[in-house]
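Visitor: Structure supplied as target.cif; contents: mmCIF, C-alpha atoms and all ligand atoms.
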```
data_data
loop_
_atom_site.label_atom_id
_atom_site.label_comp_id
_atom_site.auth_asym_id
_atom_site.auth_seq_id
_atom_site.Cartn_x
_atom_site.Cartn_y
_atom_site.Cartn_z
CA MET A 141 -15.26 25.52 -6.73
CA ASN A 142 -14.29 25.62 -10.40
CA LEU A 143 -12.21 22.47 -10.85
CA GLN A 144 -9.62 22.51 -13.62
CA VAL A 145 -9.31 18.72 -13.73
CA GLN A 146 -11.70 15.94 -12.67
CA PRO A 147 -10.05 14.44 -9.54
CA LYS A 148 -9.56 10.66 -9.30
CA VAL A 149 -8.52 8.25 -6.55
CA ILE A 150 -7.60 4.58 -6.28
CA ILE A 151 -6.57 2.85 -3.04
CA HIS A 152 -5.54 -0.66 -2.02
CA GLY A 153 -5.48 -2.74 1.17
CA GLY A 154 -3.18 -5.49 -0.11
CA ALA A 155 -3.17 -8.44 -2.49
CA GLY A 156 -2.90 -12.15 -1.92
CA SER A 157 -4.81 -15.40 -1.66
CA SER A 158 -8.61 -15.22 -1.58
CA LEU A 159 -10.46 -14.05 1.49
CA HIS A 160 -12.74 -16.36 3.42
CA GLY A 161 -16.02 -16.04 1.53
CA LYS A 162 -18.33 -13.18 0.89
CA GLY A 163 -18.25 -12.03 4.53
CA GLY A 164 -14.54 -11.29 4.16
CA LEU A 165 -15.08 -9.39 0.92
CA GLU A 166 -17.99 -7.37 2.27
CA SER A 167 -16.11 -6.32 5.37
CA VAL A 168 -13.09 -5.26 3.30
CA ARG A 169 -15.46 -3.27 1.07
CA ARG A 170 -16.91 -1.60 4.18
CA SER A 171 -13.35 -0.63 5.16
CA LEU A 172 -12.24 0.66 1.74
CA TYR A 173 -15.28 2.68 0.58
CA PRO A 174 -15.31 5.31 3.38
CA VAL A 175 -11.63 5.99 2.65
CA VAL A 176 -12.31 6.47 -1.08
CA GLU A 177 -15.24 8.78 -0.22
CA ALA A 178 -13.21 10.86 2.26
CA VAL A 179 -10.23 11.25 -0.09
CA TYR A 180 -12.45 12.06 -3.07
CA SER A 181 -14.40 14.72 -1.08
CA LEU A 182 -11.14 16.32 0.03
CA LEU A 183 -9.96 16.44 -3.60
CA LEU A 184 -13.30 17.99 -4.68
CA SER A 185 -12.78 20.73 -2.09
CA GLY A 186 -9.55 21.68 -3.90
CA ALA A 187 -6.98 19.92 -1.70
CA ALA A 188 -3.56 19.15 -3.15
CA ALA A 189 -2.73 15.54 -4.09
CA SER A 190 -0.22 15.22 -1.23
CA GLU A 191 -2.82 16.23 1.38
CA ALA A 192 -5.33 13.71 -0.01
CA VAL A 193 -2.76 10.89 -0.04
CA LEU A 194 -1.86 11.68 3.57
CA LEU A 195 -5.51 11.46 4.68
CA GLY A 196 -6.15 8.20 2.80
CA CYS A 197 -3.01 6.52 4.16
CA GLN A 198 -3.76 7.66 7.73
CA MET A 199 -7.27 6.17 7.52
CA LEU A 200 -6.00 2.86 6.13
CA GLU A 201 -3.16 2.69 8.68
CA ASP A 202 -5.73 3.22 11.45
CA ASP A 203 -7.91 0.31 10.26
CA PRO A 204 -6.74 -2.81 12.17
CA ARG A 205 -7.90 -5.01 9.27
CA PHE A 206 -4.96 -3.93 7.10
CA ASN A 207 -1.27 -4.69 7.49
CA ALA A 208 -0.03 -1.12 8.06
CA GLY A 209 -0.03 1.07 11.18
CA THR A 210 -2.50 -0.46 13.67
CA GLY A 211 -2.83 -4.15 12.79
CA SER A 212 0.67 -4.50 11.35
CA VAL A 213 2.03 -8.04 11.26
CA LEU A 214 4.76 -9.19 13.65
CA GLN A 215 8.26 -10.05 12.48
CA SER A 216 10.07 -13.26 13.43
CA ASP A 217 11.16 -11.86 16.81
CA GLY A 218 7.59 -10.79 17.70
CA GLN A 219 8.25 -7.07 17.07
CA ILE A 220 6.36 -4.71 14.73
CA ARG A 221 8.52 -2.74 12.29
CA MET A 222 6.72 -0.58 9.74
CA SER A 223 7.85 0.98 6.47
CA ALA A 224 6.21 3.66 4.35
CA SER A 225 6.94 6.05 1.51
CA PHE A 226 5.45 8.98 -0.30
CA MET A 227 6.08 10.53 -3.71
CA ASP A 228 4.76 13.79 -5.09
CA GLY A 229 4.69 13.63 -8.89
CA THR A 230 4.80 17.41 -9.29
CA SER A 231 7.90 18.01 -7.14
CA GLY A 232 9.38 14.61 -8.11
CA ARG A 233 10.32 13.99 -4.47
CA PHE A 234 10.42 10.55 -2.83
CA SER A 235 10.57 10.19 0.98
CA GLY A 236 10.43 7.12 3.21
CA VAL A 237 10.89 5.47 6.59
CA ILE A 238 12.20 1.92 6.94
CA ASN A 239 11.44 -0.39 9.87
CA ILE A 240 10.07 2.14 12.35
CA SER A 241 8.37 1.01 15.60
CA ARG A 242 6.02 2.51 18.17
CA VAL A 243 4.35 5.24 16.07
CA LYS A 244 0.69 5.29 15.02
CA ASN A 245 1.09 6.65 11.48
CA PRO A 246 4.41 6.11 9.67
CA ILE A 247 2.96 8.04 6.71
CA GLU A 248 2.95 11.25 8.80
CA LEU A 249 6.73 11.04 9.27
CA VAL A 250 7.17 10.32 5.59
CA HIS A 251 5.01 13.33 4.72
CA PHE A 252 7.15 15.49 7.01
CA LEU A 253 10.32 14.20 5.29
CA GLN A 254 9.10 15.56 1.92
CA SER A 255 10.57 18.95 2.88
CA SER A 256 13.70 17.58 4.57
CA PRO A 257 17.18 17.45 2.96
CA ASP A 258 17.47 13.83 4.23
CA ARG A 259 14.41 12.09 2.85
CA VAL A 260 14.73 8.35 3.63
CA LEU A 261 15.41 7.32 7.22
CA SER A 262 15.85 3.82 8.63
CA ASP A 263 15.01 2.41 12.09
CA TYR A 264 17.21 4.39 14.49
CA GLY A 265 17.08 7.62 12.49
CA ALA A 266 13.32 7.35 11.99
CA ALA A 267 12.82 6.80 15.73
CA GLU A 268 15.02 9.82 16.46
CA LEU A 269 12.92 11.96 14.09
CA ALA A 270 9.70 10.79 15.81
CA ARG A 271 11.23 11.77 19.15
CA GLU A 272 12.28 15.21 17.85
CA LEU A 273 8.79 15.84 16.47
CA GLN A 274 7.31 14.66 19.80
CA VAL A 275 5.21 12.02 18.07
CA PRO A 276 3.47 10.11 20.89
CA LEU A 277 4.52 6.49 21.47
CA PHE A 278 1.93 4.04 20.14
CA ASN A 279 1.54 0.27 20.27
CA ALA A 280 0.22 -0.94 16.87
CA LEU A 281 -0.25 -4.53 18.10
CA THR A 282 -3.71 -6.14 17.80
CA ASP A 283 -4.90 -9.38 19.44
CA LEU A 284 -5.41 -11.05 16.05
CA ARG A 285 -1.88 -10.34 14.86
CA LEU A 286 -0.44 -11.53 18.18
CA LYS A 287 -2.49 -14.73 17.90
CA GLU A 288 -1.28 -15.21 14.32
CA TRP A 289 2.36 -14.87 15.44
CA MET A 290 1.92 -17.18 18.46
CA GLN A 291 0.46 -19.84 16.18
CA GLU A 292 3.38 -19.44 13.81
CA ARG A 293 5.81 -19.76 16.71
CA GLN A 294 4.11 -23.00 17.70
CA ASP A 295 4.51 -24.22 14.10
CA ASN A 296 8.18 -23.10 14.16
CA PHE A 297 7.55 -20.31 11.58
CA LYS A 298 6.60 -22.60 8.67
CA SER A 299 4.70 -19.77 6.87
CA THR A 300 6.78 -17.31 4.94
CA MET A 301 4.33 -14.45 5.49
CA ALA A 302 1.26 -13.37 7.43
CA GLY A 303 -2.39 -12.96 6.31
CA VAL A 304 -3.24 -10.24 3.80
CA VAL A 305 -5.88 -8.83 6.17
CA ALA A 306 -6.49 -9.62 9.83
CA GLU A 307 -9.36 -12.13 9.85
CA PRO A 308 -10.07 -14.65 12.62
CA GLU A 309 -10.44 -17.41 9.98
CA LEU A 310 -6.98 -16.66 8.61
CA VAL A 311 -5.49 -17.02 12.06
CA GLU A 312 -7.17 -20.41 12.47
CA SER A 313 -6.04 -21.71 9.08
CA SER A 314 -2.74 -19.80 8.79
CA ASN A 315 -3.65 -18.96 5.20
CA ALA A 316 -0.79 -17.06 3.59
CA GLY A 317 -1.28 -13.63 2.03
CA ARG A 318 0.36 -10.30 1.51
CA GLY A 319 -0.78 -6.98 3.00
CA THR A 320 0.10 -3.34 2.50
CA ILE A 321 -1.93 -0.19 1.94
CA GLY A 322 -1.62 2.37 -0.84
CA VAL A 323 -3.30 5.55 -2.10
CA VAL A 324 -2.90 7.15 -5.54
CA VAL A 325 -4.62 10.42 -6.45
CA LEU A 326 -4.98 12.98 -9.23
CA ASP A 327 -5.96 16.37 -7.80
CA SER A 328 -8.09 19.08 -9.38
CA PHE A 329 -4.97 20.94 -10.57
CA GLY A 330 -3.66 17.87 -12.41
CA GLY A 331 -1.13 16.91 -9.71
CA LEU A 332 -0.39 13.24 -8.98
CA ALA A 333 0.84 11.77 -5.68
CA VAL A 334 1.17 8.32 -4.13
CA GLY A 335 1.72 6.84 -0.67
CA THR A 336 2.33 3.25 0.46
CA SER A 337 2.63 1.81 3.99
CA THR A 338 3.18 -1.69 5.39
CA GLY A 339 4.02 -3.84 8.39
CA GLY A 340 6.09 -6.03 6.02
CA LYS A 341 5.58 -9.70 5.09
CA GLY A 342 5.23 -10.95 8.62
CA PHE A 343 7.57 -13.45 10.35
CA GLU A 344 10.56 -12.04 8.40
CA ARG A 345 14.18 -11.75 9.54
CA ILE A 346 15.09 -8.68 11.58
CA GLY A 347 16.37 -5.99 9.24
CA ARG A 348 14.53 -7.16 6.13
CA VAL A 349 13.63 -4.08 4.03
CA SER A 350 10.24 -3.79 2.34
CA ASP A 351 9.56 -2.59 -1.21
CA SER A 352 7.01 -0.17 0.28
CA ALA A 353 9.79 2.22 1.22
CA MET A 354 11.48 2.02 -2.19
CA PRO A 355 10.72 3.42 -5.67
CA ALA A 356 10.12 -0.22 -6.67
CA GLY A 357 6.93 -0.18 -4.58
CA ASN A 358 5.88 3.47 -4.72
CA TYR A 359 6.70 5.93 -7.49
CA ALA A 360 5.29 8.98 -9.30
CA THR A 361 6.16 11.61 -11.89
CA SER A 362 3.93 14.33 -13.34
CA HIS A 363 2.77 11.67 -15.86
CA ALA A 364 1.78 8.70 -13.68
CA ALA A 365 1.75 7.34 -10.12
CA VAL A 366 1.81 3.71 -8.90
CA SER A 367 1.56 1.90 -5.53
CA CYS A 368 2.41 -1.81 -5.31
CA THR A 369 1.44 -4.64 -3.00
CA GLY A 370 2.42 -8.30 -2.76
CA ILE A 371 5.70 -9.99 -1.96
CA GLY A 372 8.27 -7.24 -1.56
CA GLU A 373 11.14 -9.26 -3.00
CA ASP A 374 9.10 -9.92 -6.19
CA ILE A 375 8.19 -6.22 -6.49
CA ILE A 376 11.84 -5.20 -6.03
CA ASP A 377 13.01 -7.75 -8.62
CA GLU A 378 10.55 -6.27 -11.15
CA CYS A 379 11.16 -2.67 -9.93
CA LEU A 380 7.44 -2.54 -10.67
CA ALA A 381 6.19 0.94 -9.68
CA ALA A 382 9.15 2.79 -11.21
CA LYS A 383 9.04 0.60 -14.34
CA ILE A 384 5.35 1.35 -15.04
CA VAL A 385 5.71 5.07 -14.29
CA VAL A 386 8.83 5.44 -16.48
CA ARG A 387 7.08 3.65 -19.35
CA VAL A 388 4.17 6.12 -19.17
CA THR A 389 6.54 9.08 -18.75
CA ASP A 390 8.33 7.94 -21.92
CA GLY A 391 5.05 8.04 -23.85
CA MET A 392 3.30 4.70 -23.42
CA PHE A 393 -0.44 4.65 -22.57
CA LEU A 394 -1.02 3.60 -18.95
CA LYS A 395 -2.97 0.48 -19.92
CA ASP A 396 -0.17 -0.66 -22.27
CA ALA A 397 2.52 0.05 -19.65
CA MET A 398 0.55 -1.98 -17.09
CA GLN A 399 -0.05 -4.82 -19.56
CA ARG A 400 3.61 -5.08 -20.56
CA SER A 401 4.83 -4.87 -16.96
CA PHE A 402 2.35 -7.46 -15.63
CA THR A 403 3.02 -9.82 -18.54
CA GLU A 404 6.72 -9.69 -17.61
CA ALA A 405 5.93 -10.18 -13.90
CA SER A 406 3.67 -13.14 -14.67
CA LYS A 407 6.33 -14.75 -16.88
CA ASN A 408 8.79 -14.33 -14.01
CA GLN A 409 6.28 -16.01 -11.65
CA ARG A 410 6.00 -13.01 -9.35
CA ASP A 411 3.27 -12.64 -6.73
CA LEU A 412 2.19 -9.00 -6.67
CA GLY A 413 -0.37 -6.31 -7.53
CA ALA A 414 -0.43 -2.58 -8.30
CA ILE A 415 -2.79 0.38 -8.61
CA ALA A 416 -2.13 3.29 -10.98
CA LEU A 417 -3.34 6.65 -12.24
CA ASP A 418 -2.06 8.83 -15.07
CA ALA A 419 -2.25 12.58 -15.66
CA SER A 420 -5.16 12.17 -18.12
CA GLY A 421 -7.22 10.55 -15.32
CA ALA A 422 -6.93 6.94 -16.56
CA ILE A 423 -7.29 4.46 -13.66
CA SER A 424 -5.71 1.01 -13.86
CA TRP A 425 -4.83 -1.95 -11.68
CA GLY A 426 -3.08 -5.28 -12.15
CA LYS A 427 -2.34 -8.47 -10.26
CA THR A 428 -0.64 -11.82 -10.59
CA SER A 429 -1.97 -12.84 -7.15
CA GLU A 430 -5.47 -14.28 -6.55
CA VAL A 431 -7.09 -11.10 -5.21
CA LEU A 432 -6.35 -7.41 -5.20
CA LEU A 433 -8.15 -5.42 -2.50
CA ALA A 434 -8.57 -2.10 -4.34
CA ALA A 435 -11.33 0.50 -4.65
CA TYR A 436 -11.55 3.71 -6.67
CA HIS A 437 -13.61 6.79 -7.54
CA ASP A 438 -13.67 7.51 -11.28
CA GLY A 439 -15.36 10.91 -10.96
CA THR A 440 -18.84 9.43 -11.32
CA SER A 441 -19.05 6.51 -8.92
CA ILE A 442 -17.13 4.15 -6.66
CA GLY A 443 -16.00 0.73 -7.87
CA ASP A 444 -13.68 -2.01 -6.66
CA THR A 445 -11.57 -4.98 -7.75
CA LEU A 446 -12.55 -7.35 -4.92
CA GLU A 447 -14.38 -9.79 -7.19
CA TRP A 448 -12.40 -8.98 -10.34
CA ASN A 449 -11.20 -12.37 -11.49
CA ASN A 450 -11.71 -12.64 -15.25
CA GLY A 451 -8.25 -14.08 -15.93
CA ASP A 452 -6.83 -10.77 -17.20
CA LEU A 453 -3.65 -9.45 -15.63
CA VAL A 454 -4.73 -5.81 -15.96
CA GLY A 455 -8.01 -3.90 -15.55
CA CYS A 456 -9.13 -0.29 -16.15
CA ALA A 457 -11.91 2.01 -15.00
N1 LIG A 501 4.88 -5.51 -0.01
C1 LIG A 501 5.11 -5.48 1.37
C2 LIG A 501 6.31 -6.22 1.78
O1 LIG A 501 6.64 -7.26 1.23
O2 LIG A 501 6.97 -5.78 2.68
#
```
Could the structure of this file be written out as structure tokens, please?
Ligand code: GLY
Guide:
Amino acid sequence: MNLQVQPKVIIHGGAGSSLHGKGGLESVRRSLYPVVEAVYSLLLSGAAASEAVLLGCQMLEDDPRFNAGTGSVLQSDGQIRMSASFMDGTSGRFSGVINISRVKNPIELVHFLQSSPDRVLSDYGAAELARELQVPLFNALTDLRLKEWMQERQDNFKSTMAGVVAEPELVESSNAGRGTIGVVVLDSFGGLAVGTSTGGKGFERIGRVSDSAMPAGNYATSHAAVSCTGIGEDIIDECLAAKIVVRVTDGMFLKDAMQRSFTEASKNQRDLGAIALDASGAISWGKTSEVLLAAYHDGTSIGDTLEWNNGDLVGCA
């Protein structure tokens, strides 16, 4: 196939406090790389950005290690409620579901909503849509997440959030973190798209709304696309994804837009991370948290940010 543009992809599986040693990092790497490879191959075959984002998000939601879809964290009442959103930079359309339960892949509903006149649905409406589409009922609960919640219940919910990834060591130590998944792609026609999906912070109040289903956490235009991870309230306060994308759309280079936005977030003592692509193919990421679990394909090879800890707020590939 004669590609017009070199496709690019960057994905994340959350951000937070450091994982437990090299074993943790290596297993996250083993989870992220096959997703990058699958999404990149699909893009090379000429797939549209939206199709590639859907595939990447489905794969990450299906991996019980990450806090989205299967393996989502439990909220304070012991229930799983998931949120996800999708934005196509070419059509400029945002769609989302907020606090949906008992489906395997929230991103599939969000993808469907791209062509609906009502594009963001919350709990009851999202469940009604799943029923109309005959989406099978699915229990996203894993033993590790249940154990994590039971331990928190014993400790009277002292932690303010659950582990960034599901690791037995995290359950034992109740180490706080922040999980979400996200996929950003540039397709071979120059189209950008982004998807983000989460189980939330974990142990939160019923009805709490995540940034992952808002333009603060997931945003794209034809110039740039960004997916965020970290503490939702911090991401919303910075309006991070939309802020970075609008800066690039107004003419700033992606690296400069990331640098300015992360400098502001750091000054405001936010705990968050983001991955980004622009229409020229520039790849960037940033974090104020300890680790960012991201991996990318730059058109030549795969790389990741798992051990990226040089003190900078922003990196580029
Ligand atoms: N960033 C995911 C959440 O806080 O819900």
Visitor: When the cut-off is 9 Å and you count only C-alpha atoms and all ligand atoms, which residues lie near ligand LIG 501 (chain A), shown as a VMD selection string?
Guide: chain A and resid 154 to 155 207 222 to 223 301 318 to 321 337 to 342 348 to 353 357 368 to 375 412
Visitor: So what do you get for atom CA of A:Ile240 versus atom CA of A:Tyr173, distance-wise?
Guide: 28.0 Å
Visitor: Using 6 Å of padding on each side, determine the axis-aligned box around all atoms of stretch 434-437 of chain A present in the file and give its centre and edge lengths in Å to one decimal, as AutoDock Vina command-line options.
Guide:
```
--center_x -11.1 --center_y 2.3 --center_z -5.9 --size_x 17.0 --size_y 20.9 --size_z 15.2
```
Visitor: With 9 Å as the threshold, what does the neighbourhood of (1.2, 6.3, -9.8) contain in terms of residues, counting all atoms listed in the file? Coordinates are those of the file; answer as a count of residues only.
Guide: 25
Visitor: Between atom CA of A:Ser420 and atom CA of A:Leu253, what is the distance in Å, rounded to a tenth?
Guide: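 Between atom CA of A:Ser420 and atom CA of A:Leu253 the gap works out to 28.1 Å.
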Visitor: Name the residues in contact with A:Glu166 at a cut-off of 12 Å, using all atoms listed in the file, excluding same-chain residues fewer than 5 positions from it; report them as an NGL selection string.
Guide: :A and (159-161 or 171-173 or 433 or 444 or 446-447)
Visitor: In Å, with one decimal, what is the gap from atom CA of A:Ser328 to atom CA of A:Glu191?
Guide: 12.3 Å
Visitor: Given only C-alpha atoms as the basis, pick out the residue of A:Ala178, A:Leu261, A:Val250, A:Val243 nearest to A:Phe226.
Guide: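 Using only C-alpha atoms, the shortest distance to A:Phe226 belongs to A:Val250.
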Visitor: Which is closest to A:Ile238 among A:Asn450, A:Gly347, A:Leu273, A:Leu281, if we use all atoms listed in the file?
Guide: A:Gly347
